[in-house]
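As stored in coords04.txt (compact mmCIF, C-alpha atoms):
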# COMPACT_ATOMS: atom_id res chain seq x y z
CA MET A 1 -45.64 74.71 42.10
CA LYS A 2 -49.17 73.31 42.15
CA CYS A 3 -51.75 73.65 44.90
CA PHE A 4 -53.75 71.34 47.11
CA HIS A 5 -55.72 71.59 50.32
CA TYR A 6 -53.77 70.43 53.35
CA PHE A 7 -56.37 67.94 54.52
CA LYS A 8 -58.20 67.00 51.34
CA ASP A 9 -57.82 66.32 47.63
CA ARG A 10 -54.11 65.52 47.72
CA THR A 11 -54.51 63.37 44.63
CA LYS A 12 -55.86 66.28 42.59
CA SER A 13 -52.62 68.21 42.38
CA ARG A 14 -51.58 68.50 38.75
CA GLY A 15 -48.02 67.94 37.66
CA GLN A 16 -46.30 68.87 40.90
CA ARG A 17 -42.71 69.90 40.31
CA SER A 18 -41.58 70.53 43.88
CA ALA A 19 -42.97 70.79 47.41
CA PRO A 20 -46.77 71.02 46.98
CA ILE A 21 -48.74 74.12 48.01
CA LEU A 22 -51.80 73.84 50.22
CA LYS A 23 -54.80 74.92 48.23
CA ASP A 24 -57.02 77.78 49.39
CA GLU A 25 -60.38 76.06 49.56
CA SER A 26 -62.41 78.83 51.11
CA LYS A 27 -65.99 78.62 49.90
CA SER A 28 -66.56 82.29 50.57
CA ASP A 29 -65.41 85.09 48.32
CA MET A 30 -64.95 87.29 51.36
CA SER A 31 -61.38 88.55 51.46
CA ALA A 32 -59.23 88.29 54.56
CA THR A 33 -59.40 92.07 54.82
CA GLU A 34 -63.19 91.99 54.91
CA ARG A 35 -63.17 89.11 57.41
CA VAL A 36 -60.92 91.00 59.81
CA THR A 37 -62.86 94.22 59.41
CA LYS A 38 -66.17 92.51 60.17
CA SER A 39 -64.73 90.79 63.21
CA SER A 40 -63.79 94.13 64.77
CA CYS A 41 -66.24 96.79 65.93
CA SER A 42 -63.54 99.31 66.75
CA ALA A 43 -64.09 102.69 65.15
CA THR A 44 -60.37 103.41 65.42
CA SER A 45 -59.29 100.43 63.31
CA PRO A 46 -56.54 101.27 60.80
CA ARG A 47 -57.38 101.62 57.17
CA SER A 48 -57.71 98.45 55.16
CA PHE A 49 -55.35 97.60 52.36
CA THR A 50 -58.09 98.33 49.86
CA GLU A 51 -58.19 101.92 51.13
CA LEU A 52 -54.42 102.22 51.12
CA TYR A 53 -54.31 100.83 47.60
CA GLU A 54 -56.78 103.40 46.33
CA GLU A 55 -54.48 106.08 47.72
CA LYS A 56 -51.18 104.73 46.36
CA ALA A 57 -52.08 102.75 43.25
CA GLN A 58 -51.55 105.63 40.84
CA HIS A 59 -47.86 104.76 40.52
CA LEU A 60 -48.68 101.36 39.01
CA ARG A 61 -48.53 101.14 35.25
CA VAL A 62 -51.50 99.64 33.40
CA PHE A 63 -50.37 97.59 30.38
CA SER A 64 -52.40 96.53 27.40
CA TYR A 65 -52.33 92.86 26.49
CA PRO A 66 -50.70 93.50 23.07
CA GLU A 67 -47.90 95.39 24.86
CA LEU A 68 -47.04 92.35 26.94
CA VAL A 69 -47.38 90.00 23.97
CA GLN A 70 -44.79 92.08 22.19
CA ALA A 71 -42.61 92.39 25.33
CA THR A 72 -42.36 88.59 25.66
CA ASN A 73 -42.27 87.70 21.95
CA ASN A 74 -45.76 86.22 22.25
CA PHE A 75 -44.83 84.49 25.52
CA SER A 76 -42.07 82.53 23.87
CA ARG A 77 -40.96 79.34 25.60
CA LEU A 78 -37.41 80.53 25.10
CA LEU A 79 -38.15 83.45 27.43
CA LYS A 80 -39.90 81.37 30.09
CA ILE A 81 -38.00 81.69 33.39
CA GLY A 82 -40.37 80.12 35.91
CA GLU A 83 -43.66 78.45 36.65
CA GLY A 84 -45.85 78.14 39.72
CA GLY A 85 -49.40 77.72 40.95
CA PHE A 86 -50.30 81.12 39.54
CA GLY A 87 -48.97 80.49 36.06
CA SER A 88 -45.82 81.03 34.04
CA VAL A 89 -43.20 83.78 34.32
CA PHE A 90 -41.46 85.21 31.24
CA ARG A 91 -38.56 87.54 30.75
CA GLY A 92 -39.68 90.58 28.82
CA THR A 93 -38.59 93.99 27.62
CA ILE A 94 -40.72 97.11 27.92
CA LYS A 95 -40.27 100.74 27.00
CA PRO A 96 -40.17 103.49 29.63
CA VAL A 97 -43.44 105.30 30.32
CA ASN A 98 -42.24 108.49 28.64
CA GLY A 99 -40.75 106.56 25.73
CA GLN A 100 -37.31 108.01 26.43
CA GLY A 101 -34.26 106.02 27.37
CA GLY A 102 -33.36 102.40 26.89
CA SER A 103 -35.62 99.38 27.23
CA ILE A 104 -36.29 97.89 30.66
CA ILE A 105 -35.95 94.18 31.37
CA VAL A 106 -38.89 92.87 33.40
CA ALA A 107 -40.51 89.66 34.59
CA VAL A 108 -44.04 89.05 33.31
CA LYS A 109 -46.25 86.64 35.24
CA LYS A 110 -49.21 85.29 33.26
CA LEU A 111 -52.15 83.71 35.04
CA ASN A 112 -53.15 80.25 33.86
CA ARG A 113 -56.75 80.33 32.75
CA ASP A 114 -57.40 77.25 34.87
CA GLY A 115 -54.92 78.41 37.52
CA TYR A 116 -55.26 77.01 41.02
CA GLN A 117 -54.57 80.31 42.71
CA GLY A 118 -56.66 82.31 40.33
CA HIS A 119 -58.09 85.75 40.21
CA LYS A 120 -58.28 86.34 43.99
CA GLU A 121 -54.55 85.84 44.35
CA TRP A 122 -53.88 88.10 41.38
CA VAL A 123 -55.92 90.84 43.04
CA ALA A 124 -54.07 90.26 46.34
CA GLU A 125 -50.70 90.69 44.64
CA VAL A 126 -51.77 93.90 42.93
CA GLN A 127 -53.23 95.36 46.12
CA PHE A 128 -50.39 94.43 48.47
CA LEU A 129 -47.49 95.19 46.13
CA GLY A 130 -49.24 98.37 45.08
CA VAL A 131 -48.95 99.61 48.66
CA VAL A 132 -45.75 98.19 50.15
CA GLU A 133 -42.34 99.65 49.40
CA HIS A 134 -39.14 98.25 50.86
CA PRO A 135 -35.67 97.33 49.53
CA ASN A 136 -36.30 93.69 50.41
CA LEU A 137 -39.65 93.36 48.65
CA VAL A 138 -39.91 92.81 44.91
CA LYS A 139 -41.25 95.85 43.05
CA LEU A 140 -44.46 95.57 41.07
CA ILE A 141 -44.20 97.78 37.98
CA GLY A 142 -47.72 97.27 36.69
CA TYR A 143 -50.42 94.89 35.60
CA CYS A 144 -52.80 93.92 32.81
CA ALA A 145 -56.44 92.86 33.19
CA VAL A 146 -58.48 92.12 30.07
CA ASP A 147 -61.85 90.41 29.74
CA GLY A 148 -62.48 89.57 26.13
CA GLU A 149 -64.09 87.02 23.85
CA ARG A 150 -61.11 84.71 24.30
CA GLY A 151 -61.49 84.78 28.07
CA ILE A 152 -59.82 86.70 30.86
CA GLN A 153 -56.18 87.71 30.85
CA ARG A 154 -54.47 88.54 34.13
CA LEU A 155 -50.79 89.52 34.12
CA LEU A 156 -48.31 91.15 36.49
CA VAL A 157 -45.10 92.95 35.56
CA TYR A 158 -42.26 92.97 38.10
CA GLU A 159 -38.69 94.15 38.26
CA PHE A 160 -36.41 91.45 36.86
CA MET A 161 -34.30 89.48 39.34
CA PRO A 162 -31.37 88.00 37.37
CA ASN A 163 -30.07 85.61 40.03
CA LYS A 164 -33.33 83.71 40.35
CA SER A 165 -34.21 82.43 43.83
CA LEU A 166 -32.57 81.32 47.06
CA GLU A 167 -34.06 77.88 46.39
CA ASP A 168 -32.13 77.60 43.12
CA HIS A 169 -28.79 78.42 44.73
CA LEU A 170 -29.28 76.19 47.76
CA PHE A 171 -30.58 73.06 46.09
CA ASN A 172 -29.69 73.14 42.40
CA LYS A 173 -26.14 71.87 41.92
CA ALA A 174 -25.99 73.66 38.56
CA PHE A 175 -25.57 76.91 40.51
CA PRO A 176 -22.37 77.76 42.40
CA ALA A 177 -22.61 77.25 46.14
CA LEU A 178 -23.47 80.35 48.15
CA SER A 179 -20.70 81.41 50.52
CA TRP A 180 -21.37 81.60 54.25
CA ASP A 181 -21.29 85.42 54.26
CA THR A 182 -23.67 85.61 51.32
CA ARG A 183 -26.12 83.25 53.05
CA LEU A 184 -26.10 85.41 56.16
CA GLN A 185 -26.73 88.60 54.17
CA ILE A 186 -29.56 86.98 52.23
CA ILE A 187 -31.35 85.70 55.31
CA LEU A 188 -30.89 89.07 57.06
CA GLY A 189 -32.47 90.89 54.12
CA ALA A 190 -35.37 88.43 54.04
CA ALA A 191 -35.90 88.95 57.78
CA GLN A 192 -35.94 92.72 57.28
CA GLY A 193 -38.59 92.33 54.59
CA LEU A 194 -40.82 90.29 56.92
CA ALA A 195 -40.23 92.69 59.81
CA TYR A 196 -41.38 95.55 57.58
CA LEU A 197 -44.58 93.72 56.69
CA HIS A 198 -45.32 92.76 60.30
CA GLU A 199 -44.34 95.88 62.21
CA GLU A 200 -43.60 98.91 60.05
CA LEU A 201 -46.77 99.42 58.01
CA GLU A 202 -49.99 101.18 58.93
CA VAL A 203 -51.68 97.81 58.48
CA GLN A 204 -49.94 94.54 59.36
CA VAL A 205 -49.34 92.12 56.51
CA ILE A 206 -48.85 88.38 57.05
CA PHE A 207 -46.93 86.90 54.13
CA ARG A 208 -48.26 83.36 54.73
CA ASP A 209 -46.01 81.62 52.19
CA PHE A 210 -42.44 82.40 53.19
CA LYS A 211 -40.04 79.85 51.67
CA SER A 212 -36.74 79.78 49.83
CA SER A 213 -38.36 79.85 46.38
CA ASN A 214 -40.09 83.14 47.26
CA VAL A 215 -36.80 84.85 48.11
CA LEU A 216 -35.54 86.28 44.81
CA LEU A 217 -32.00 87.58 44.29
CA ASP A 218 -30.95 90.62 42.28
CA GLU A 219 -27.65 91.10 40.43
CA ASP A 220 -25.85 91.71 43.76
CA PHE A 221 -27.59 88.79 45.50
CA LYS A 222 -29.72 91.21 47.50
CA PRO A 223 -32.87 89.32 48.56
CA LYS A 224 -36.41 90.43 47.81
CA LEU A 225 -39.60 88.66 48.89
CA SER A 226 -41.95 87.82 46.04
CA ASP A 227 -45.33 86.18 45.43
CA PHE A 228 -47.88 87.96 47.61
CA GLY A 229 -50.81 85.95 46.28
CA LEU A 230 -51.46 84.34 49.66
CA ALA A 231 -50.67 87.39 51.81
CA ARG A 232 -53.35 88.61 54.19
CA GLN A 233 -53.98 91.66 56.31
CA GLY A 234 -53.21 90.94 59.96
CA PRO A 235 -55.64 91.19 62.89
CA THR A 236 -56.98 94.60 63.88
CA GLY A 237 -59.12 96.12 66.58
CA GLY A 238 -57.72 94.06 69.43
CA GLN A 239 -58.11 90.75 67.61
CA THR A 240 -55.36 88.18 68.23
CA HIS A 241 -55.57 86.39 64.89
CA VAL A 242 -57.25 86.15 61.52
CA SER A 243 -59.32 83.04 60.80
CA THR A 244 -58.65 81.78 57.28
CA ALA A 245 -58.63 78.65 55.19
CA VAL A 246 -55.33 76.83 55.65
CA VAL A 247 -52.99 77.62 52.77
CA GLY A 248 -49.25 77.73 52.34
CA THR A 249 -46.57 75.22 51.41
CA TYR A 250 -46.21 71.82 53.02
CA GLY A 251 -43.08 71.75 55.14
CA TYR A 252 -43.17 75.49 55.83
CA ALA A 253 -46.64 76.12 57.29
CA ALA A 254 -46.76 76.48 61.10
CA PRO A 255 -48.44 73.52 62.85
CA ASP A 256 -50.62 75.77 65.03
CA TYR A 257 -51.96 77.47 61.91
CA ILE A 258 -52.59 74.13 60.21
CA GLU A 259 -54.49 72.81 63.22
CA THR A 260 -56.64 75.86 63.96
CA GLY A 261 -56.71 78.09 60.88
CA HIS A 262 -55.70 80.98 63.18
CA LEU A 263 -53.24 83.12 61.25
CA THR A 264 -50.78 85.46 63.01
CA SER A 265 -47.43 87.00 62.21
CA LYS A 266 -45.86 84.17 64.24
CA SER A 267 -46.93 81.82 61.43
CA ASP A 268 -44.37 83.59 59.23
CA VAL A 269 -41.79 83.34 62.01
CA TRP A 270 -42.12 79.54 61.99
CA SER A 271 -41.61 79.45 58.22
CA PHE A 272 -38.55 81.64 58.64
CA GLY A 273 -37.11 79.13 61.10
CA VAL A 274 -37.46 76.38 58.51
CA VAL A 275 -35.56 78.44 55.93
CA LEU A 276 -32.81 79.12 58.48
CA TYR A 277 -32.18 75.38 58.69
CA GLU A 278 -32.24 75.15 54.88
CA ILE A 279 -29.53 77.82 54.82
CA LEU A 280 -27.42 75.79 57.27
CA THR A 281 -27.89 72.34 55.76
CA GLY A 282 -28.43 72.90 52.05
CA ARG A 283 -31.44 70.55 52.33
CA ARG A 284 -35.08 71.13 51.49
CA SER A 285 -37.72 71.05 54.21
CA LEU A 286 -38.92 67.76 52.73
CA GLU A 287 -36.85 65.35 50.63
CA ARG A 288 -38.54 62.09 49.70
CA ASP A 289 -35.38 60.55 48.24
CA LYS A 290 -33.58 60.55 51.60
CA PRO A 291 -33.70 57.71 54.16
CA ARG A 292 -36.93 57.84 56.15
CA SER A 293 -35.23 59.33 59.23
CA GLU A 294 -33.84 62.18 57.11
CA GLN A 295 -36.81 63.04 54.88
CA ARG A 296 -38.23 65.74 57.14
CA LEU A 297 -35.59 68.39 57.74
CA LEU A 298 -36.83 69.47 61.16
CA ASP A 299 -36.93 65.90 62.44
CA TRP A 300 -33.43 65.20 61.14
CA VAL A 301 -31.72 68.27 62.63
CA LYS A 302 -33.13 67.46 66.07
CA GLN A 303 -30.59 64.64 66.22
CA TYR A 304 -27.76 67.21 66.06
CA PRO A 305 -28.47 69.97 68.63
CA ALA A 306 -26.63 73.27 68.28
CA ASN A 307 -24.66 72.72 71.49
CA SER A 308 -23.58 69.18 70.64
CA ARG A 309 -20.21 68.19 69.20
CA ARG A 310 -22.10 66.45 66.39
CA PHE A 311 -23.71 69.69 65.19
CA GLY A 312 -21.22 70.18 62.37
CA MET A 313 -22.54 67.04 60.69
CA ILE A 314 -25.69 68.84 59.50
CA MET A 315 -23.82 71.65 57.78
CA ASP A 316 -24.04 71.96 54.00
CA PRO A 317 -21.03 70.09 52.56
CA ARG A 318 -20.91 72.61 49.70
CA LEU A 319 -19.62 75.16 52.22
CA GLN A 320 -16.46 73.04 52.46
CA SER A 321 -16.04 73.97 56.14
CA GLN A 322 -15.65 77.65 55.22
CA TYR A 323 -17.91 79.09 57.89
CA SER A 324 -17.84 80.17 61.52
CA LEU A 325 -18.95 77.26 63.68
CA LYS A 326 -20.00 79.61 66.48
CA SER A 327 -22.12 81.67 64.07
CA ALA A 328 -23.69 78.53 62.61
CA GLN A 329 -24.60 77.31 66.09
CA ASP A 330 -26.14 80.70 66.89
CA ILE A 331 -28.19 80.55 63.68
CA ALA A 332 -29.45 77.10 64.70
CA LYS A 333 -30.42 78.41 68.15
CA LEU A 334 -32.29 81.29 66.51
CA ALA A 335 -34.06 78.82 64.22
CA ASP A 336 -35.07 76.74 67.25
CA SER A 337 -36.63 79.81 68.88
CA CYS A 338 -38.60 80.50 65.69
CA LEU A 339 -39.82 76.89 65.71
CA LEU A 340 -41.14 76.82 69.27
CA LYS A 341 -44.43 74.97 69.59
CA SER A 342 -46.12 77.90 71.31
CA ALA A 343 -46.60 80.72 68.80
CA LYS A 344 -46.57 83.32 71.57
CA GLU A 345 -43.06 82.29 72.61
CA ARG A 346 -41.60 82.76 69.15
CA PRO A 347 -39.70 86.03 68.65
CA LYS A 348 -40.97 88.95 66.60
CA MET A 349 -39.26 89.43 63.27
CA SER A 350 -37.71 92.68 64.51
CA GLN A 351 -36.04 90.65 67.28
CA VAL A 352 -34.89 88.12 64.71
CA VAL A 353 -33.34 90.92 62.66
CA GLU A 354 -31.38 92.23 65.64
CA THR A 355 -30.15 88.75 66.54
CA LEU A 356 -28.99 88.16 62.97
CA LYS A 357 -27.12 91.46 62.94
CA GLN A 358 -25.29 90.45 66.10
CA ILE A 359 -24.41 87.04 64.66
CA ILE A 360 -23.10 88.62 61.45
CA HIS A 361 -21.06 91.15 63.43
CA VAL A 362 -19.37 88.39 65.42
CA SER A 363 -18.77 86.35 62.26
CA VAL A 364 -17.08 89.31 60.57
CA GLU A 365 -14.89 89.96 63.63
CA VAL A 366 -13.74 86.36 63.64
CA GLN A 367 -12.70 86.61 60.00
CA GLU A 368 -10.91 89.93 60.48
CA ASN A 369 -8.95 88.47 63.39
CA ASN A 370 -7.95 85.49 61.24
CA SER A 371 -9.21 83.10 63.87
CA ASP A 372 -8.85 79.91 61.85
CA PRO A 373 -10.32 77.51 64.45
CA GLY A 374 -13.65 79.30 64.14
CA PHE A 375 -13.76 78.30 60.49
CA GLU A 376 -12.74 74.67 60.93
CA CYS A 377 -15.90 73.06 62.11
CA PHE A 378 -14.59 69.52 61.95
CA GLU A 379 -11.97 70.19 64.62
CA ASP A 380 -14.83 70.74 67.01
CA SER A 381 -17.02 68.09 65.44
CA PRO A 382 -15.06 64.84 65.26
CA PRO A 383 -16.49 61.78 63.56
CA VAL A 384 -19.08 59.95 65.60
CA GLU A 385 -17.04 56.72 65.58
CA GLU A 386 -14.21 58.28 67.58
CA LYS A 387 -16.55 59.46 70.29
CA SER A 388 -18.81 56.43 70.61
CA PRO A 389 -18.48 54.78 74.04
CA ARG A 390 -19.83 51.44 72.86
CA PRO A 391 -17.34 48.55 72.94
CA THR A 392 -18.59 47.29 69.58
CA THR A 393 -17.20 50.21 67.57
CA THR A 394 -15.48 49.20 64.37
CA GLY A 395 -11.77 50.02 64.09
CA ALA A 396 -9.28 50.27 66.93
CA SER A 397 -8.00 53.55 68.33
CA GLU A 398 -4.63 54.87 67.26
CA SER A 399 -3.00 53.76 70.52
CA ALA A 400 -4.41 50.26 70.12
CA LYS A 401 -3.03 50.08 66.59
CA ARG A 402 0.43 51.03 67.84
CA ARG A 403 0.28 48.34 70.52
CA LEU A 404 -0.71 45.75 67.94
CA ALA A 405 2.22 46.71 65.73
CA HIS A 406 4.61 46.41 68.69
CA LEU A 407 3.21 43.04 69.69
CA ALA A 408 3.57 41.82 66.12
CA LYS A 409 7.32 42.35 66.37
CA LEU A 410 7.49 40.59 69.72
CA SER A 411 5.55 37.65 68.36
CA GLU A 412 8.55 36.62 66.27
CA GLN A 413 10.39 35.79 69.50
CA VAL A 414 7.64 33.81 71.15
CA GLY A 415 8.34 30.10 70.97
CA GLY A 416 5.74 27.42 70.58
CA ILE A 417 3.02 29.80 69.47
CA SER A 418 2.34 30.58 65.90
CA ARG A 419 2.36 34.23 64.82
CA ARG A 420 -1.21 34.00 63.62
CA ARG A 421 -2.48 32.59 66.91
CA PHE A 422 -0.60 35.20 68.92
CA MET A 423 -2.05 38.08 66.92
CA LEU A 424 -5.57 36.74 67.33
CA MET A 425 -5.12 36.51 71.10
CA GLN A 426 -3.71 40.03 71.41
CA ARG A 427 -6.36 41.52 69.16
CA ALA A 428 -9.02 39.94 71.36
CA LYS A 429 -7.48 41.57 74.44
CA VAL A 430 -7.37 44.99 72.85
CA THR A 431 -10.98 44.91 71.73
What does the file become when written as structure tokens?
Amino acid sequence: MKCFHYFKDRTKSRGQRSAPILKDESKSDMSATERVTKSSCSATSPRSFTELYEEKAQHLRVFSYPELVQATNNFSRLLKIGEGGFGSVFRGTIKPVNGQGGSIIVAVKKLNRDGYQGHKEWVAEVQFLGVVEHPNLVKLIGYCAVDGERGIQRLLVYEFMPNKSLEDHLFNKAFPALSWDTRLQIILGAAQGLAYLHEELEVQVIFRDFKSSNVLLDEDFKPKLSDFGLARQGPTGGQTHVSTAVVGTYGYAAPDYIETGHLTSKSDVWSFGVVLYEILTGRRSLERDKPRSEQRLLDWVKQYPANSRRFGMIMDPRLQSQYSLKSAQDIAKLADSCLLKSAKERPKMSQVVETLKQIIHVSVEVQENNSDPGFECFEDSPPVEEKSPRPTTTGASESAKRRLAHLAKLSEQVGGISRRRFMLMQRAKVT
């Protein structure tokens, strides 16, 4: 996924393969951590991530470049499993630190030498993932940094996630459709990962690029957030926000952040709301190949409010109606609260987590009670044509069709009027 600045240089993106990323165009090398620290004069400010990293980084493994060349068979194209703004990702095999035991399968991310995200983002990933630890965050095993005659080499080594990303399973028809229960568990785990970053660390972390492609899935489809290259330390010392260059992914970035450059945890909440609608609809946040009125996901779903009888029309057809309509409506309402225009009115991620747990609990109860109507969305969401009050609707109602059939039989007994003329007259009366 290539990068570009939100307001400028859109034509400079190179070989975009999916939704474009907004390029970090900050002219200063000052990190977000430094910017927040300098904006606060409080002596009681929490430690920065740099300080936390210095304390916890000893568990990261430092690889030599030849080790990773060997691990990936010289970065063989056959082992390439992904590509983004940072560079390419390869499947690799490494030996345990003590040399005992079997080999370990890993993912090796190699920075492009002319990468758009570059060295700053590589450092951010090492620092943040070197500190955080949570079941719903991808684990960084180690890194490699070499400056030689052939240029710089920057690599990261992660735990391997065999089921790729949420994006792959939602939008790539080559993958089996995710069941309703699996979707709920994935989005709950992702919410728990964000809540941990926002509210459970000594220093708040704002992910800043939450999207379906950054939610990776392990062998049991347990979600883990990945790609911390754009993450930033949250405000400290009484500050309400962090002022940064506008970066993120088009279609996911919060409008208030785009307009002002003021970054808060509620920016992530907005992005989470977008992904909730992707979970419901099986559509990307932006799809250029759709009719104009359907290209922007958030604009399209507004036509089908959660409380309307038409709501079921937005649901992913790959679910084949195998979902709880009530739970789906509750997910849509939660998404709407995450997408409120005022950032202050959006819920915290901890509140989102609790709401999701309640929705999942109700969904499970419905299934255990074998309440079939809850899983037949189309009974509560009839086709629009049947509900349209306009007199110009195409096709007569069932009762009208029965009357026409009855009149057709009577027409045989009507003298002086041809059958064709009689039917035309009666059809005109019915319509």
**Spatial neighbours of stretch 287-303 of chain A, max dist 10 Å, only C-alpha atoms, sep filter under 3 positions, as a ChimeraX atom specification** = /A:18-19,251,273-274,277-278,281,283-284,306,308,310-311,313-315,332,336,339
**Request:** List the residues sitting within 6 Å of (-53.0, 85.0, 38.9) in the file's frame, using only C-alpha atoms, as a PyMOL selection string.
**Result:** chain A and resi 86+111+118-119+121-122
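Rounded to one decimal, atom CA of A:Thr355 and atom CA of A:Ala191 lie 10.5 Å from each other.
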**Request:** Pick out the closest residue to A:Ala57 from this set: A:Gly234, A:Gly261, A:Gly102, A:Gly142. Count all atoms listed in the file.
**Result:**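 Closest to A:Ala57, using all atoms listed in the file: A:Gly142.
Compared by their closest atoms to A:Pro66, and using all atoms listed in the file, the residues A:Ala231, A:Val146, A:Val269, A:Ile105 rank with A:Val146 nearest.
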**Distance query A:Asp330 at most 12 Å, all atoms listed in the file, self and fewer than 2 positions along chain excluded, as a list in words** =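 Final neighbour list, sorted by chain and number: Leu184, Leu276, Tyr277, Leu280, Pro305, Ala306, Asn307, Phe311, Ser324, Leu325, Lys326, Ser327, Ala328, Ala332, Lys333, Leu334, Ala335, Asp336, Ser337, Val352, Thr355, Leu356, Lys357, Gln358, Ile359, Ile360, Val362 and Ser363 of chain A.
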**Request:** May I ask for the distance between atom CA of A:Thr240 and atom CA of A:Ser267, given in Å to one decimal place?
**Result:**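 Spanning atom CA of A:Thr240 to atom CA of A:Ser267 is a straight-line distance of 12.6 Å.
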**Request:** Point out the residue among A:Tyr143, A:Tyr304, A:Phe90, A:Tyr250 with the least atom-to-atom distance to A:Phe160, counting all atoms listed in the file.
**Result:** A:Phe90
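For the set A:Leu156, A:Leu166, A:Leu140, A:Leu319, the residue with the smallest atom-to-atom gap to A:Asp218 is A:Leu166, counting only C-alpha atoms.
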**Item:** Atomic separation - atom CA of A:Val126 relative to atom CA of A:Lys56, Å
**Value:** 11.4 Å
Grab all the atoms of stretch 175-192 of chain A that the file lists, wrap them in a box along x, y and z, add 4 Å per side, and give me centre plus edge lengths in Å (one decimal) as JSON.
{"center_x": -28.3, "center_y": 84.8, "center_z": 49.1, "size_x": 23.2, "size_y": 23.8, "size_z": 25.3}
